[in-house]
Amino acid sequence: MTDLYQLTDLSKGYTRGREAITIFEQLTMSIQEGDFIAIMGPSGSGKTTLLNLLGGIDRPSSGSVDCQGVRIDKLSQGKLAKWRAANVGFIFQFYNLMPTLNAAQNVELPLLLTNLSGKARKERVATALDIVGLADRARHSPRQMSGGQQQRVAIARAIVADPKVLLCDEPTGDLDRKSADEILETLQLLNKDLGKTIIMVTHDPSAAKYARRELHLDKGRFVEAAELAQ
Amino acid sequence: MNDFTLIRKNLFRKKMRAILLIFSIMIAFLIFGALGAFYSVWTSGSSSAADNRLVTVNRINFTVSMPFAYWGRVEGVEGVTNVSHASWFGGYYQEPANFVQTFAVDPESWLAVYSELTMPDEQRAAFFNTRDCLLVGADLATQYGWSVGDRIPLLSNIWQKQDGTSSWDFEVCAVFDAEDDTLPTNYAMFHYEYYNEALAFNRDNIGWMVLTTIDAAQNDRIMREIDSLFANSPAETETSTEAAFNEAFAAQFGNIALILLFVVGAAFMTILMIVGTTMVMAINERTKEIGVMKTLGFPAPRIFRMVLIESILLSLVGGLLGLGLATLAVAGSAAAMAAFLPGLSMPPLVLSIGLALAIGLGFITGIIPAINAQRVTIVTALGKL
Ligand SMILES: Nc1ncnc2c1ncn2[C@@H]1O[C@H](COP(=O)(O)OP(=O)(O)OP(=O)(O)O)[C@@H](O)[C@H]1O
Ligand SMILES: [Mg+2]
C-alpha cells in the first residue's frame, strides 16, 4: 500500500492568555491508502485537532501535512476548500445535517461544488443513499429520523463526492449499541469494498475493533495498540 | 437543488419570524408607495405649467384679492400676449361635502391663456355667450353625471349675494377636456360678471391674474414691470412663473415633501433596525451550519453571497408586496380622491425607486451578517454544540 498522508515534525499548540499549550510536538507519521485507523485516547489529548489538521480545516503551528504530494498546510483558504471538497469526507459525532434540507438534499450538498448535471447528481445521491441503506428515506427531514439514520445520511453525504479519505470524529458517540454497530459495519464496508481510507476517532474500544489498526494518542505521542488481523 | 434552494429554505426556516419581517417591510413599502403616489400627483401641477405663463397675485397672499382695474393695466405691458383673471368661488354642490373647485373668470381671455383646454366650437361659443353658463371639466362632469343642458345650483362657502343667499344657478353649456390626459379636468368655471354683479361685498375685485408672454426669455422683465405698476398701492402684487406659483400653492399646505420624507424615513429607519438586528441574530444562530458548509468545501465568498442574497430576497418579497398593495390602494382611492387629486395613480417612477430601495435595504441589512458568515472559522464553529 502507498502512503496517503505523510506528517512530518507536526506541532500544534495554542496560547491561552499567557499560557502556551502544546497538544503535540514533532509528530511524524504516515497513513497508508486504504487503511482504517481507530484513534483512541483521553479527552483533550488532541484527537479532534489531529483530524482537523488531516482534513485541512486547521493549520499546524509547524511541520507539514502532505497528502499525495499536496502540502495542504500551505494551501490558501480557497484552494483548501476546493481540496476538501474533492478529497475528504467528514463524519461528526452529532451528524451536523442541515435541518432545512431533506435527506437527499443533505447528501446532494457537496455536489453543488462540482460541475455535475442535475441528473448525474440525482444518480449519485441515490447511489450514496442506497449504500447506507436509506433509499426509502430520501424525502425525510433530519427531524423525522433516528440518530442512527441521521448518521447514515451524514455518511452518504461524506461519500457522495467520492473522496479518498473519510475523517470520522466519534461517529458512534451519540448512538446506542445496535445503531453504532450498523454504522461501523457500513464504515468497514466502505473501507473494504470501496477502498476508502478511514481515520476514526473513538472512545469506544468495541468500535475500535472494526478498524484495521488502533492508535493511542497520549501526551502528544502515538502508541500503536495492535495490528488487527481482519 | 441549487444555491437558491438553500437560500430560500434558510429564509423561511422560521416561518413566523420570516412572516413578521416580511409584514413589517411590506408596511414600510406600502407607506412609501402610497405617499409617493400622492406626492407625485400633488406636485404634478408644476409639470403642466407652460414656461411662458405668469401668475400675478396679491403680495400679501394669493387668497387676498386685488382691484378689477389691474386687469386692464397689465394688458398694456409690453410682451404680454393674453391676460385673464380668476376669482376663487369655493363652491359646493348641494352639501359642503361635495366640494367643487370653481372659479369666476373672464371667459374669452381665459381660454386664450389656457389654450390646452379643448371643447367643441359650438360649446365654446355657448360658454362665451351665455351669462349663467357653467363650463365643466370632463372629470368633474363624470363624477357628478352632469351633461350639457343640466341646470346646476352651486353654493359658495365664501361669498354672499345681495339677496342673502349663497347660491348661484348655472346651466351646464360646455364640457372641456385637455389635450394632455394628465392635465386635471376636475374643476368648473363661469362668467366673472354673473358672479360679481350679485355679490354682497368685495365687489369689483379679482383673485388673481394669469397671463402669457411673447417669449419666456422676457419673463423676468415682464414680472418686474407688472409688479412695479402696482408698487406702493394698497394692493401690491407679486408676479411669478406658473411653475413657481404652483409650488408655492402646494407649500401653503405645509411642506408636504418634508413631512412625507420624515414619515417614510422614520418607517425605513425602524425597518432597518428590526431587519438588520434580526438578520444578524439569524445568521449567528446558524454559525455551526455555516462551519459545516465550509468544511464540505463551500468557499467563503460563496457563503457571503448566499447570506447577502437571502437578505435581499427578504426585502424584495416584503417590498414588492408593499408596493403591490400600495398600487391597489392608490387605484382603489383614485375615484374618491378625484376632486382633490385628479389622475391619482401609481407612477412607475415611484415603483422603480421602491424597487431600488428594497434592494438597498436588503443590501444594508445583509452586509454585516454576510461578513460575519464569511468570517466564520470552521474549528470554532464546529466546537459549538
Ligand atoms: N481553539 C482552541 N483554543 C485553545 N485550546 C484549544 C482549542 N481547541 C482545542 N484546544 C485544546 O486542545 C486540546 C486538544 O483538544 P481536542 O479537541 O483535539 O481533544 P480531543 O482529544 O478531541 O478531546 P475529546 O475526546 O474530548 O473530544 C484540549 O486541551 C483543548 O482544550
Ligand atoms: Mg474530540
# chains A, B, ... in the order shown; residues from 1 in each chain; ligands from 1
$ residues_near_ligand --ligand "ligand 2" --cutoff "8 Å" --atoms "only C-alpha atoms and all ligand atoms" --output "tab-separated table (two decimals) with C-alpha atoms, in the first residue's frame"
chain	number	residue	atom	x	y	z
A	43	SER	CA	-10.23	13.59	26.37
A	44	GLY	CA	-8.19	16.62	25.45
A	46	GLY	CA	-5.70	16.20	20.63
A	47	LYS	CA	-7.64	13.63	18.60
A	48	THR	CA	-10.04	16.15	17.08
A	49	THR	CA	-7.18	18.54	16.49
A	169	ASP	CA	-14.88	12.14	14.90
A	170	GLU	CA	-16.65	9.83	17.34
A	201	VAL	CA	-11.65	8.90	16.49
$ residues_around --residues "Thr213 (chain B)" --least-positions-apart "6" --cutoff "6 Å" --atoms "only C-alpha atoms" --output "PyMOL selection string"
chain B and resi 52+79-81
$ closest_atom_pairs --of "chain B" --to "ligand 1" --cutoff "9 Å" --atoms "only C-alpha atoms and all ligand atoms" --output "tab-separated table"
residue	atom	partner	partner_atom_place_in_ligand_line	distance
B:Val379	CA	ligand 1	1 (N)	7.1
B:Thr380	CA	ligand 1	1 (N)	6.3
B:Gly383	CA	ligand 1	8 (N)	7.8
$ write_last_selection --atoms "N, CA, C and O atoms" --output "compact mmCIF listing (two decimals), in the first residue's frame"
# COMPACT_ATOMS: atom_id res chain seq x y z
N VAL B 379 -13.11 25.58 12.75
CA VAL B 379 -12.77 24.92 14.01
C VAL B 379 -13.59 25.48 15.16
O VAL B 379 -14.14 24.72 15.97
N THR B 380 -13.74 26.81 15.22
CA THR B 380 -14.53 27.36 16.33
C THR B 380 -16.02 27.08 16.13
O THR B 380 -16.74 26.82 17.08
N GLY B 383 -16.76 23.62 17.11
CA GLY B 383 -16.60 23.47 18.55
C GLY B 383 -17.89 23.77 19.30
O GLY B 383 -18.11 23.29 20.39
$ closest_atom_pairs --of "chain B" --to "chain A" --cutoff "6 Å" --atoms "only C-alpha atoms" --output "tab-separated table"
residue	atom	partner	partner_atom	distance
B:Leu296	CA	A:Ala85	CA	5.6
B:Gly297	CA	A:Ala81	CA	4.3
B:Pro299	CA	A:Ala81	CA	5.9
$ residues_around --residues "Ser179 (chain A)" --least-positions-apart "6" --cutoff "12 Å" --atoms "only C-alpha atoms" --output "PyMOL selection string"
chain A and resi 146-152+171-173+185-186+207
$ write_last_selection --atoms "N, CA, C and O atoms" --output "CSV table (one decimal), in the first residue's frame"
chain,number,residue,atom,x,y,z
A,146,SER,N,-34.1,8.8,13.2
A,146,SER,CA,-33.4,8.5,14.4
A,146,SER,C,-31.9,8.9,14.3
A,146,SER,O,-31.5,9.2,13.2
A,147,GLY,N,-31.2,8.9,15.4
A,147,GLY,CA,-29.8,9.3,15.4
A,147,GLY,C,-29.0,8.4,14.4
A,147,GLY,O,-28.2,8.9,13.6
A,148,GLY,N,-29.3,7.1,14.4
A,148,GLY,CA,-28.5,6.2,13.6
A,148,GLY,C,-28.8,6.5,12.1
A,148,GLY,O,-27.9,6.5,11.3
A,149,GLN,N,-30.1,6.8,11.8
A,149,GLN,CA,-30.4,7.1,10.4
A,149,GLN,C,-29.8,8.4,10.0
A,149,GLN,O,-29.2,8.6,8.9
A,150,GLN,N,-29.8,9.4,10.9
A,150,GLN,CA,-29.1,10.7,10.5
A,150,GLN,C,-27.6,10.5,10.3
A,150,GLN,O,-27.1,11.1,9.3
A,151,GLN,N,-27.0,9.6,11.1
A,151,GLN,CA,-25.6,9.4,10.9
A,151,GLN,C,-25.4,8.7,9.5
A,151,GLN,O,-24.4,9.0,8.9
A,152,ARG,N,-26.3,7.9,9.1
A,152,ARG,CA,-26.1,7.2,7.8
A,152,ARG,C,-26.3,8.2,6.7
A,152,ARG,O,-25.6,8.2,5.7
A,171,PRO,N,-18.0,8.9,15.5
A,171,PRO,CA,-19.2,8.8,14.7
A,171,PRO,C,-20.3,8.0,15.4
A,171,PRO,O,-21.5,8.1,15.1
A,172,THR,N,-19.9,7.2,16.4
A,172,THR,CA,-21.0,6.4,17.1
A,172,THR,C,-21.1,6.9,18.6
A,172,THR,O,-21.8,6.3,19.4
A,173,GLY,N,-20.5,8.1,18.9
A,173,GLY,CA,-20.5,8.6,20.3
A,173,GLY,C,-21.9,8.9,20.8
A,173,GLY,O,-22.1,8.9,22.0
A,185,GLU,N,-20.3,-1.1,10.7
A,185,GLU,CA,-20.3,-2.1,9.6
A,185,GLU,C,-20.3,-1.4,8.3
A,185,GLU,O,-19.6,-1.8,7.3
A,186,THR,N,-21.1,-0.3,8.2
A,186,THR,CA,-21.1,0.5,6.9
A,186,THR,C,-19.7,1.0,6.7
A,186,THR,O,-19.2,1.0,5.5
A,207,ALA,N,-15.8,-0.2,19.3
A,207,ALA,CA,-15.9,0.4,18.0
A,207,ALA,C,-14.5,0.3,17.3
A,207,ALA,O,-14.4,0.1,16.1
$ residues_around --residues "Thr142 (chain B)" --least-positions-apart "4" --cutoff "12 Å" --atoms "only C-alpha atoms" --output "MDAnalysis selection string"
chainID B and resid 136:138 146:148 175:177 185:187 335 338:339
$ closest_residue --among "A:Arg177, A:Met40, A:Ser11, A:Val107" --to "Glu123 (chain A)" --atoms "only C-alpha atoms"
A:Val107
$ residues_around --residues "region 22-30 of chain B" --least-positions-apart "5" --cutoff "6 Å" --atoms "only C-alpha atoms" --output "ChimeraX atom specification"
/B:267,318-319,321-323,326
$ select_by_dssp --residues "region 2-229 of chain A" --states "alpha helix (DSSP H)" --output "MDAnalysis selection string"
chainID A and resid 47:54 77:87 103:108 118:131 147:159 177:194 205:208
$ select_by_dssp --residues "region 12-181 of chain A" --states "strand (DSSP E or B)" --output "PyMOL selection string"
chain A and resi 12-16+19-32+36-40+62-67+70-71+88-91+165-169
$ atom_distance --atom1 "CA of His85 (chain B)" --atom2 "CA of Ile226 (chain B)"
14.3 Å
$ closest_residue --among "B:Phe262, B:Asn10, B:Gly354, B:Tyr114" --to "Glu289 (chain B)" --atoms "only C-alpha atoms"
B:Asn10
$ residues_around --residues "Asp218 (chain A)" --least-positions-apart "6" --cutoff "7 Å" --atoms "only C-alpha atoms" --output "tab-separated table (two decimals) with N, CA, C and O atoms, in the first residue's frame"
chain	number	residue	atom	x	y	z
A	41	GLY	N	-7.83	7.68	22.87
A	41	GLY	CA	-7.01	8.48	23.76
A	41	GLY	C	-7.88	9.30	24.66
A	41	GLY	O	-9.06	9.51	24.39
A	42	PRO	N	-7.30	9.77	25.76
A	42	PRO	CA	-8.09	10.53	26.74
A	42	PRO	C	-8.62	11.83	26.14
A	42	PRO	O	-8.11	12.33	25.15
A	45	SER	N	-6.65	14.99	24.50
A	45	SER	CA	-5.33	14.56	24.05
A	45	SER	C	-5.01	15.06	22.64
A	45	SER	O	-3.88	14.94	22.19
$ residues_around --residues "Ser167 (chain B)" --least-positions-apart "5" --cutoff "7 Å" --atoms "only C-alpha atoms" --output "number ranges by chain"
B: 153-156
$ closest_residue --among "A:Gln32, A:Ser61, A:Thr127, A:Thr8" --to "Arg213 (chain A)" --atoms "only C-alpha atoms"
A:Gln32
$ decode --residues "region 218-254 of chain B" --atoms "N, CA, C and O atoms" --output "CSV table (one decimal), in the first residue's frame"
chain,number,residue,atom,x,y,z
B,218,GLN,N,-38.4,86.8,-21.8
B,218,GLN,CA,-38.7,88.1,-21.3
B,218,GLN,C,-39.5,88.1,-20.0
B,218,GLN,O,-39.9,89.1,-19.5
B,219,ASN,N,-39.7,86.9,-19.5
B,219,ASN,CA,-40.5,86.7,-18.3
B,219,ASN,C,-40.0,87.6,-17.1
B,219,ASN,O,-40.8,88.3,-16.5
B,220,ASP,N,-38.7,87.6,-16.9
B,220,ASP,CA,-38.2,88.4,-15.8
B,220,ASP,C,-38.5,89.9,-15.9
B,220,ASP,O,-39.0,90.5,-14.9
B,221,ARG,N,-38.3,90.4,-17.0
B,221,ARG,CA,-38.6,91.8,-17.2
B,221,ARG,C,-40.1,92.1,-17.0
B,221,ARG,O,-40.5,93.0,-16.3
B,222,ILE,N,-40.9,91.3,-17.6
B,222,ILE,CA,-42.3,91.5,-17.6
B,222,ILE,C,-42.8,91.3,-16.1
B,222,ILE,O,-43.6,92.2,-15.6
B,223,MET,N,-42.3,90.4,-15.4
B,223,MET,CA,-42.7,90.2,-14.0
B,223,MET,C,-42.4,91.5,-13.2
B,223,MET,O,-43.2,92.0,-12.4
B,224,ARG,N,-41.2,92.0,-13.4
B,224,ARG,CA,-40.8,93.2,-12.7
B,224,ARG,C,-41.6,94.4,-13.1
B,224,ARG,O,-42.1,95.2,-12.2
B,225,GLU,N,-41.9,94.5,-14.4
B,225,GLU,CA,-42.7,95.7,-14.8
B,225,GLU,C,-44.2,95.6,-14.3
B,225,GLU,O,-44.7,96.7,-13.8
B,226,ILE,N,-44.7,94.5,-14.3
B,226,ILE,CA,-46.1,94.3,-13.7
B,226,ILE,C,-46.1,94.7,-12.3
B,226,ILE,O,-46.9,95.6,-11.8
B,227,ASP,N,-45.2,94.2,-11.5
B,227,ASP,CA,-45.2,94.4,-10.0
B,227,ASP,C,-44.9,95.9,-9.8
B,227,ASP,O,-45.4,96.5,-8.8
B,228,SER,N,-44.1,96.6,-10.6
B,228,SER,CA,-43.8,98.0,-10.4
B,228,SER,C,-45.0,98.8,-10.7
B,228,SER,O,-45.1,99.9,-10.1
B,229,LEU,N,-45.9,98.4,-11.6
B,229,LEU,CA,-47.1,99.1,-11.9
B,229,LEU,C,-47.9,99.3,-10.6
B,229,LEU,O,-48.6,100.4,-10.4
B,230,PHE,N,-47.9,98.3,-9.7
B,230,PHE,CA,-48.8,98.4,-8.5
B,230,PHE,C,-48.0,98.6,-7.2
B,230,PHE,O,-48.6,98.5,-6.1
B,231,ALA,N,-46.7,99.0,-7.4
B,231,ALA,CA,-45.9,99.2,-6.2
B,231,ALA,C,-46.5,100.4,-5.4
B,231,ALA,O,-47.1,101.3,-6.1
B,232,ASN,N,-46.4,100.4,-4.1
B,232,ASN,CA,-46.9,101.5,-3.3
B,232,ASN,C,-48.4,101.7,-3.4
B,232,ASN,O,-48.9,102.8,-3.1
B,233,SER,N,-49.1,100.7,-3.9
B,233,SER,CA,-50.6,100.8,-3.9
B,233,SER,C,-51.1,100.0,-2.7
B,233,SER,O,-50.3,99.2,-2.2
B,234,PRO,N,-52.4,100.1,-2.3
B,234,PRO,CA,-52.9,99.3,-1.2
B,234,PRO,C,-52.8,97.8,-1.6
B,234,PRO,O,-52.8,97.0,-0.6
B,235,ALA,N,-52.8,97.4,-2.8
B,235,ALA,CA,-52.8,96.0,-3.2
B,235,ALA,C,-51.6,95.8,-4.1
B,235,ALA,O,-51.7,95.8,-5.3
B,236,GLU,N,-50.4,95.6,-3.5
B,236,GLU,CA,-49.2,95.4,-4.2
B,236,GLU,C,-49.3,93.9,-4.8
B,236,GLU,O,-50.0,93.1,-4.2
B,237,THR,N,-48.6,93.7,-5.9
B,237,THR,CA,-48.7,92.4,-6.5
B,237,THR,C,-47.3,91.6,-6.5
B,237,THR,O,-46.3,92.2,-6.3
B,238,GLU,N,-47.4,90.3,-6.7
B,238,GLU,CA,-46.2,89.5,-6.9
B,238,GLU,C,-46.5,88.6,-8.1
B,238,GLU,O,-47.4,87.8,-8.1
B,239,THR,N,-45.7,88.8,-9.1
B,239,THR,CA,-45.8,88.0,-10.3
B,239,THR,C,-44.7,87.0,-10.3
B,239,THR,O,-43.6,87.2,-10.0
B,240,SER,N,-45.1,85.7,-10.7
B,240,SER,CA,-44.1,84.7,-10.8
B,240,SER,C,-44.5,83.8,-11.9
B,240,SER,O,-45.6,83.9,-12.5
B,241,THR,N,-43.6,82.9,-12.3
B,241,THR,CA,-44.0,81.9,-13.3
B,241,THR,C,-45.0,81.0,-12.8
B,241,THR,O,-45.2,80.8,-11.5
B,242,GLU,N,-45.8,80.4,-13.7
B,242,GLU,CA,-46.8,79.5,-13.2
B,242,GLU,C,-46.3,78.3,-12.4
B,242,GLU,O,-46.8,77.9,-11.4
B,243,ALA,N,-45.1,77.8,-12.8
B,243,ALA,CA,-44.5,76.7,-12.1
B,243,ALA,C,-44.2,77.1,-10.7
B,243,ALA,O,-44.5,76.3,-9.8
B,244,ALA,N,-43.6,78.2,-10.5
B,244,ALA,CA,-43.2,78.7,-9.2
B,244,ALA,C,-44.5,78.9,-8.4
B,244,ALA,O,-44.5,78.6,-7.2
B,245,PHE,N,-45.5,79.4,-9.0
B,245,PHE,CA,-46.8,79.7,-8.3
B,245,PHE,C,-47.4,78.3,-7.8
B,245,PHE,O,-47.8,78.2,-6.7
B,246,ASN,N,-47.3,77.3,-8.7
B,246,ASN,CA,-47.9,76.0,-8.3
B,246,ASN,C,-47.2,75.5,-7.1
B,246,ASN,O,-47.8,74.9,-6.2
B,247,GLU,N,-45.8,75.6,-7.1
B,247,GLU,CA,-45.1,75.1,-6.0
B,247,GLU,C,-45.4,75.8,-4.7
B,247,GLU,O,-45.6,75.2,-3.6
B,248,ALA,N,-45.5,77.2,-4.8
B,248,ALA,CA,-45.9,78.0,-3.6
B,248,ALA,C,-47.3,77.6,-3.1
B,248,ALA,O,-47.5,77.5,-1.9
B,249,PHE,N,-48.2,77.3,-4.1
B,249,PHE,CA,-49.5,76.9,-3.8
B,249,PHE,C,-49.5,75.6,-2.9
B,249,PHE,O,-50.1,75.5,-1.9
B,250,ALA,N,-48.7,74.6,-3.4
B,250,ALA,CA,-48.5,73.4,-2.7
B,250,ALA,C,-47.9,73.6,-1.3
B,250,ALA,O,-48.3,73.0,-0.3
B,251,ALA,N,-47.0,74.5,-1.2
B,251,ALA,CA,-46.3,74.8,0.0
B,251,ALA,C,-47.2,75.4,1.1
B,251,ALA,O,-47.0,75.3,2.3
B,252,GLN,N,-48.4,76.0,0.6
B,252,GLN,CA,-49.3,76.5,1.5
B,252,GLN,C,-49.9,75.5,2.5
B,252,GLN,O,-50.4,75.7,3.6
B,253,PHE,N,-49.9,74.2,2.0
B,253,PHE,CA,-50.4,73.2,2.8
B,253,PHE,C,-49.4,72.5,3.6
B,253,PHE,O,-49.5,71.3,4.0
B,254,GLY,N,-48.4,73.2,4.0
B,254,GLY,CA,-47.3,72.7,4.8
B,254,GLY,C,-46.3,72.1,3.8
B,254,GLY,O,-46.5,71.9,2.7
